[in-house]
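Heads up, the thing below is written out as structure tokens.
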Amino acid sequence: MSAALVQPAAWLRMKGVLHDLDRVKTPEAALDAMGGVLDLRAYDWAQAADAPLRADEIEWLTYATQVEWGTEHYFAVLDISRDPLVHRFLRVWLEQEVVHADLLRRLLAAHAVEVGPVHEARSKRLARWRGKQINRAARRVIGDDFFAVHMAWGAVNELSTQRFYGVIRSRTSNPGLRDILRDIMGQEALHYAFYRNVAIRRLTGNPRAQRIVRWALDKLWAPVGVGLKTRRDAHRIIAGILGNSPEVADQMDAQIDRMPGLRGLGLARRTLDRALATAG
Ligand SMILES: [Fe+2]
Ligand SMILES: [Fe+2]
């Protein structure tokens, strides 16, 4: 791993992260601000171990750890772009996400919870190979608009992750978890900015791409982690985190629906309603 050990840009931390993203207007600017991986030595692990974690926090963070770790899986499935900018981003993205998993895993281990990877199971390795073939085939059929789907999809996933961590952070009484999530959220916000800005570039003035992306998100998208975990697992997590904060789903939709061609999509609210119906 060659990336330098740097924290997210200070201005992202000090202010409301998503408001400041309005300043990151291009994918190049997002990638420049992204820096390297977070430094595990920068956190007060004794404090993180001493303060308790609730049972629901342990469940949410276990899911998050496995999904962050599973970025290796998604990377293998999605790394089919020849765009050098996207190529460069995906490598930084993979490195940063895997360190997010390390941070959360270490926090959980301090609370005697051992989390193993789910993406190395044989069935998942097979799914990885199949996923890559499907994406290659889709790329051949759809052409370059396939990458608009990849980028818009990635934007939705990064935004969901960022907002989920935000809710967990606002509710926890563990100061160590708050510190870790503050920095992870800064990086998730920049991942989101990258995906979103590339998606907007590809969708602007391209009605065909807009139609395909809208259809794919509407019909094919599943919450972050589905595939590695079951849909039932995902619904339980979504209901647990957003059930008491439905306004967060609406805020997410306000962001997603501002991408060209996605007005009124309402993906986050629909997903929350479904999760609440399943979990209830
Ligand atoms: Fe992450
Ligand atoms: Fe991310």
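Each chain in the structure tokens gets a letter, A, B and so on, in the order shown; residues start at 1 in every chain, and ligands are counted from 1 in the order they appear.
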
*Residues at most 12 Å from Ala216 in chain A, counting only C-alpha atoms, excluding those fewer than 2 positions away in the same chain, as a PyMOL selection string?*
chain A and resi 138+142+145-153+209-214+218-222+262+265+267

What would the file look like if the residues just selected were written as a PDB file, in the first residue's frame with N, CA and C atoms?
ATOM      1  N   ALA A 138     -22.907  -6.444 -20.073  1.00  0.00           N
ATOM      2  CA  ALA A 138     -23.750  -5.236 -20.040  1.00  0.00           C
ATOM      3  C   ALA A 138     -23.035  -4.078 -20.727  1.00  0.00           C
ATOM      4  N   ILE A 142     -24.791  -2.160 -23.665  1.00  0.00           N
ATOM      5  CA  ILE A 142     -25.208  -0.779 -23.401  1.00  0.00           C
ATOM      6  C   ILE A 142     -24.216   0.232 -23.967  1.00  0.00           C
ATOM      7  N   ASP A 145     -22.583   4.091 -21.829  1.00  0.00           N
ATOM      8  CA  ASP A 145     -23.563   4.519 -20.820  1.00  0.00           C
ATOM      9  C   ASP A 145     -23.590   3.572 -19.626  1.00  0.00           C
ATOM     10  N   PHE A 146     -22.995   2.385 -19.789  1.00  0.00           N
ATOM     11  CA  PHE A 146     -22.850   1.471 -18.647  1.00  0.00           C
ATOM     12  C   PHE A 146     -22.117   2.173 -17.505  1.00  0.00           C
ATOM     13  N   PHE A 147     -21.140   2.994 -17.850  1.00  0.00           N
ATOM     14  CA  PHE A 147     -20.339   3.632 -16.801  1.00  0.00           C
ATOM     15  C   PHE A 147     -21.136   4.714 -16.067  1.00  0.00           C
ATOM     16  N   ALA A 148     -22.156   5.260 -16.728  1.00  0.00           N
ATOM     17  CA  ALA A 148     -23.049   6.191 -16.021  1.00  0.00           C
ATOM     18  C   ALA A 148     -23.795   5.433 -14.929  1.00  0.00           C
ATOM     19  N   VAL A 149     -24.196   4.194 -15.243  1.00  0.00           N
ATOM     20  CA  VAL A 149     -24.875   3.363 -14.238  1.00  0.00           C
ATOM     21  C   VAL A 149     -23.919   3.078 -13.075  1.00  0.00           C
ATOM     22  N   HIS A 150     -22.712   2.651 -13.406  1.00  0.00           N
ATOM     23  CA  HIS A 150     -21.724   2.343 -12.363  1.00  0.00           C
ATOM     24  C   HIS A 150     -21.514   3.552 -11.444  1.00  0.00           C
ATOM     25  N   MET A 151     -21.365   4.733 -12.032  1.00  0.00           N
ATOM     26  CA  MET A 151     -21.060   5.918 -11.228  1.00  0.00           C
ATOM     27  C   MET A 151     -22.272   6.384 -10.407  1.00  0.00           C
ATOM     28  N   ALA A 152     -23.468   6.360 -10.998  1.00  0.00           N
ATOM     29  CA  ALA A 152     -24.660   6.791 -10.255  1.00  0.00           C
ATOM     30  C   ALA A 152     -24.949   5.802  -9.121  1.00  0.00           C
ATOM     31  N   TRP A 153     -24.779   4.540  -9.407  1.00  0.00           N
ATOM     32  CA  TRP A 153     -24.980   3.471  -8.421  1.00  0.00           C
ATOM     33  C   TRP A 153     -23.988   3.662  -7.263  1.00  0.00           C
ATOM     34  N   ALA A 209     -28.611   7.747 -21.525  1.00  0.00           N
ATOM     35  CA  ALA A 209     -27.970   7.362 -20.265  1.00  0.00           C
ATOM     36  C   ALA A 209     -28.914   7.614 -19.094  1.00  0.00           C
ATOM     37  N   GLN A 210     -29.634   8.722 -19.147  1.00  0.00           N
ATOM     38  CA  GLN A 210     -30.572   9.042 -18.054  1.00  0.00           C
ATOM     39  C   GLN A 210     -31.640   7.956 -17.930  1.00  0.00           C
ATOM     40  N   ARG A 211     -32.156   7.505 -19.061  1.00  0.00           N
ATOM     41  CA  ARG A 211     -33.192   6.461 -19.040  1.00  0.00           C
ATOM     42  C   ARG A 211     -32.633   5.156 -18.470  1.00  0.00           C
ATOM     43  N   ILE A 212     -31.430   4.801 -18.923  1.00  0.00           N
ATOM     44  CA  ILE A 212     -30.836   3.529 -18.479  1.00  0.00           C
ATOM     45  C   ILE A 212     -30.523   3.575 -16.985  1.00  0.00           C
ATOM     46  N   VAL A 213     -29.959   4.697 -16.527  1.00  0.00           N
ATOM     47  CA  VAL A 213     -29.592   4.808 -15.105  1.00  0.00           C
ATOM     48  C   VAL A 213     -30.847   4.773 -14.236  1.00  0.00           C
ATOM     49  N   ARG A 214     -31.860   5.501 -14.663  1.00  0.00           N
ATOM     50  CA  ARG A 214     -33.105   5.520 -13.888  1.00  0.00           C
ATOM     51  C   ARG A 214     -33.694   4.109 -13.789  1.00  0.00           C
ATOM     52  N   ASP A 218     -33.998   1.955 -10.376  1.00  0.00           N
ATOM     53  CA  ASP A 218     -35.374   1.620 -10.026  1.00  0.00           C
ATOM     54  C   ASP A 218     -35.573   0.107  -9.906  1.00  0.00           C
ATOM     55  N   LYS A 219     -35.022  -0.645 -10.861  1.00  0.00           N
ATOM     56  CA  LYS A 219     -35.326  -2.090 -10.941  1.00  0.00           C
ATOM     57  C   LYS A 219     -34.238  -2.995 -10.374  1.00  0.00           C
ATOM     58  N   LEU A 220     -32.994  -2.568 -10.437  1.00  0.00           N
ATOM     59  CA  LEU A 220     -31.910  -3.493 -10.089  1.00  0.00           C
ATOM     60  C   LEU A 220     -31.197  -3.159  -8.787  1.00  0.00           C
ATOM     61  N   TRP A 221     -31.230  -1.895  -8.385  1.00  0.00           N
ATOM     62  CA  TRP A 221     -30.446  -1.488  -7.214  1.00  0.00           C
ATOM     63  C   TRP A 221     -30.941  -2.203  -5.951  1.00  0.00           C
ATOM     64  N   ALA A 222     -29.997  -2.584  -5.119  1.00  0.00           N
ATOM     65  CA  ALA A 222     -30.333  -3.150  -3.801  1.00  0.00           C
ATOM     66  C   ALA A 222     -29.465  -2.439  -2.771  1.00  0.00           C
ATOM     67  N   LEU A 262     -33.103  11.881 -12.778  1.00  0.00           N
ATOM     68  CA  LEU A 262     -33.534  11.076 -11.629  1.00  0.00           C
ATOM     69  C   LEU A 262     -34.583  11.777 -10.756  1.00  0.00           C
ATOM     70  N   LEU A 265     -37.311  10.027  -8.220  1.00  0.00           N
ATOM     71  CA  LEU A 265     -37.021   8.585  -8.116  1.00  0.00           C
ATOM     72  C   LEU A 265     -37.386   8.041  -6.719  1.00  0.00           C
ATOM     73  N   LEU A 267     -35.734   6.747  -4.215  1.00  0.00           N
ATOM     74  CA  LEU A 267     -35.182   5.424  -3.934  1.00  0.00           C
ATOM     75  C   LEU A 267     -35.002   5.150  -2.434  1.00  0.00           C
TER      76      LEU A 267
END

_Contacts of range 80-86 of chain A at 12 Å (only C-alpha atoms; same-chain gap of 3+ positions) as a PyMOL selection string_ = chain A and resi 26-32+74-77+89-93+131-140+143-148+150-151+154+191+194-195+197-199

Keeping only N, CA and C atoms, write the selected residues as a CSV table (one decimal), in the first residue's frame.
chain,number,residue,atom,x,y,z
A,26,THR,N,-15.8,18.9,-9.3
A,26,THR,CA,-15.4,18.0,-10.4
A,26,THR,C,-14.9,16.7,-9.7
A,27,PRO,N,-14.9,15.6,-10.5
A,27,PRO,CA,-14.3,14.4,-9.9
A,27,PRO,C,-12.8,14.5,-9.7
A,28,GLU,N,-12.1,15.4,-10.5
A,28,GLU,CA,-10.7,15.6,-10.3
A,28,GLU,C,-10.4,16.2,-8.9
A,29,ALA,N,-11.3,17.2,-8.6
A,29,ALA,CA,-11.1,17.9,-7.3
A,29,ALA,C,-11.4,16.9,-6.1
A,30,ALA,N,-12.4,16.1,-6.3
A,30,ALA,CA,-12.7,15.1,-5.2
A,30,ALA,C,-11.5,14.2,-5.0
A,31,LEU,N,-11.0,13.7,-6.1
A,31,LEU,CA,-9.8,12.7,-6.0
A,31,LEU,C,-8.6,13.4,-5.4
A,32,ASP,N,-8.4,14.7,-5.8
A,32,ASP,CA,-7.3,15.4,-5.2
A,32,ASP,C,-7.4,15.6,-3.7
A,74,TYR,N,-16.3,-6.0,-4.5
A,74,TYR,CA,-16.9,-5.1,-5.5
A,74,TYR,C,-15.9,-4.5,-6.5
A,75,PHE,N,-14.7,-4.3,-6.0
A,75,PHE,CA,-13.6,-3.8,-6.8
A,75,PHE,C,-13.4,-4.8,-8.0
A,76,ALA,N,-13.3,-6.1,-7.6
A,76,ALA,CA,-13.0,-7.2,-8.6
A,76,ALA,C,-14.2,-7.2,-9.6
A,77,VAL,N,-15.4,-6.9,-9.2
A,77,VAL,CA,-16.5,-7.0,-10.1
A,77,VAL,C,-16.6,-5.8,-11.0
A,89,PHE,N,-9.1,6.4,-9.3
A,89,PHE,CA,-10.0,6.5,-8.1
A,89,PHE,C,-10.3,5.2,-7.5
A,90,LEU,N,-10.6,4.2,-8.3
A,90,LEU,CA,-11.0,2.9,-7.8
A,90,LEU,C,-9.9,2.3,-6.9
A,91,ARG,N,-8.6,2.5,-7.2
A,91,ARG,CA,-7.6,2.0,-6.4
A,91,ARG,C,-7.5,2.7,-5.0
A,92,VAL,N,-7.6,4.0,-5.1
A,92,VAL,CA,-7.6,4.8,-3.8
A,92,VAL,C,-8.8,4.4,-3.0
A,93,TRP,N,-10.0,4.3,-3.6
A,93,TRP,CA,-11.2,3.9,-3.0
A,93,TRP,C,-11.1,2.5,-2.3
A,131,GLY,N,-20.3,-11.9,-11.6
A,131,GLY,CA,-20.6,-10.4,-11.6
A,131,GLY,C,-19.8,-9.7,-12.7
A,132,LYS,N,-18.5,-10.1,-12.7
A,132,LYS,CA,-17.6,-9.4,-13.7
A,132,LYS,C,-18.0,-9.7,-15.1
A,133,GLN,N,-18.4,-11.0,-15.4
A,133,GLN,CA,-18.8,-11.4,-16.7
A,133,GLN,C,-20.1,-10.6,-17.1
A,134,ILE,N,-21.0,-10.5,-16.1
A,134,ILE,CA,-22.3,-9.8,-16.4
A,134,ILE,C,-22.0,-8.3,-16.7
A,135,ASN,N,-21.1,-7.7,-15.9
A,135,ASN,CA,-20.8,-6.3,-16.2
A,135,ASN,C,-20.2,-6.1,-17.6
A,136,ARG,N,-19.3,-7.1,-17.9
A,136,ARG,CA,-18.6,-7.0,-19.2
A,136,ARG,C,-19.7,-7.1,-20.3
A,137,ALA,N,-20.6,-8.0,-20.2
A,137,ALA,CA,-21.7,-8.2,-21.2
A,137,ALA,C,-22.6,-7.0,-21.2
A,138,ALA,N,-22.9,-6.4,-20.1
A,138,ALA,CA,-23.7,-5.2,-20.0
A,138,ALA,C,-23.0,-4.1,-20.7
A,139,ARG,N,-21.7,-4.0,-20.5
A,139,ARG,CA,-20.9,-2.9,-21.1
A,139,ARG,C,-21.0,-3.1,-22.7
A,140,ARG,N,-20.9,-4.3,-23.1
A,140,ARG,CA,-21.0,-4.5,-24.6
A,140,ARG,C,-22.3,-4.2,-25.2
A,143,GLY,N,-23.0,-0.2,-24.1
A,143,GLY,CA,-21.9,0.8,-24.5
A,143,GLY,C,-21.5,1.6,-23.3
A,144,ASP,N,-20.9,2.8,-23.6
A,144,ASP,CA,-20.3,3.6,-22.5
A,144,ASP,C,-21.3,4.1,-21.5
A,145,ASP,N,-22.6,4.1,-21.8
A,145,ASP,CA,-23.6,4.5,-20.8
A,145,ASP,C,-23.6,3.6,-19.6
A,146,PHE,N,-23.0,2.4,-19.8
A,146,PHE,CA,-22.9,1.5,-18.6
A,146,PHE,C,-22.1,2.2,-17.5
A,147,PHE,N,-21.1,3.0,-17.8
A,147,PHE,CA,-20.3,3.6,-16.8
A,147,PHE,C,-21.1,4.7,-16.1
A,148,ALA,N,-22.2,5.3,-16.7
A,148,ALA,CA,-23.0,6.2,-16.0
A,148,ALA,C,-23.8,5.4,-14.9
A,150,HIS,N,-22.7,2.7,-13.4
A,150,HIS,CA,-21.7,2.3,-12.4
A,150,HIS,C,-21.5,3.6,-11.4
A,151,MET,N,-21.4,4.7,-12.0
A,151,MET,CA,-21.1,5.9,-11.2
A,151,MET,C,-22.3,6.4,-10.4
A,154,GLY,N,-22.7,3.9,-7.6
A,154,GLY,CA,-21.7,4.1,-6.6
A,154,GLY,C,-22.0,5.3,-5.8
A,191,HIS,N,-15.8,10.1,-1.6
A,191,HIS,CA,-16.1,9.0,-2.6
A,191,HIS,C,-17.4,9.4,-3.3
A,194,PHE,N,-16.9,12.1,-5.8
A,194,PHE,CA,-16.3,11.6,-7.1
A,194,PHE,C,-17.4,10.9,-7.9
A,195,TYR,N,-18.0,9.9,-7.4
A,195,TYR,CA,-19.0,9.1,-8.2
A,195,TYR,C,-20.1,10.1,-8.7
A,197,ASN,N,-20.0,13.3,-9.3
A,197,ASN,CA,-19.6,14.2,-10.3
A,197,ASN,C,-19.3,13.5,-11.7
A,198,VAL,N,-18.8,12.3,-11.6
A,198,VAL,CA,-18.6,11.6,-12.9
A,198,VAL,C,-20.0,11.2,-13.5
A,199,ALA,N,-20.9,10.8,-12.6
A,199,ALA,CA,-22.2,10.5,-13.1
A,199,ALA,C,-22.9,11.7,-13.7

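With only C-alpha atoms as the atoms that count, the residue of A:Arg171, A:His73, A:Arg105, A:Arg202 with the shortest distance to Arg125 in chain A is A:His73.
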
_Distance filter 6 Å around ligand 1, atoms: only C-alpha atoms and all ligand atoms, out as a ChimeraX atom specification_ = /A:68,97,100,188

*helix (DSSP H, G or I) per DSSP on the backbone: members of range 29-270 of chain A, as a count of residues only*: 182
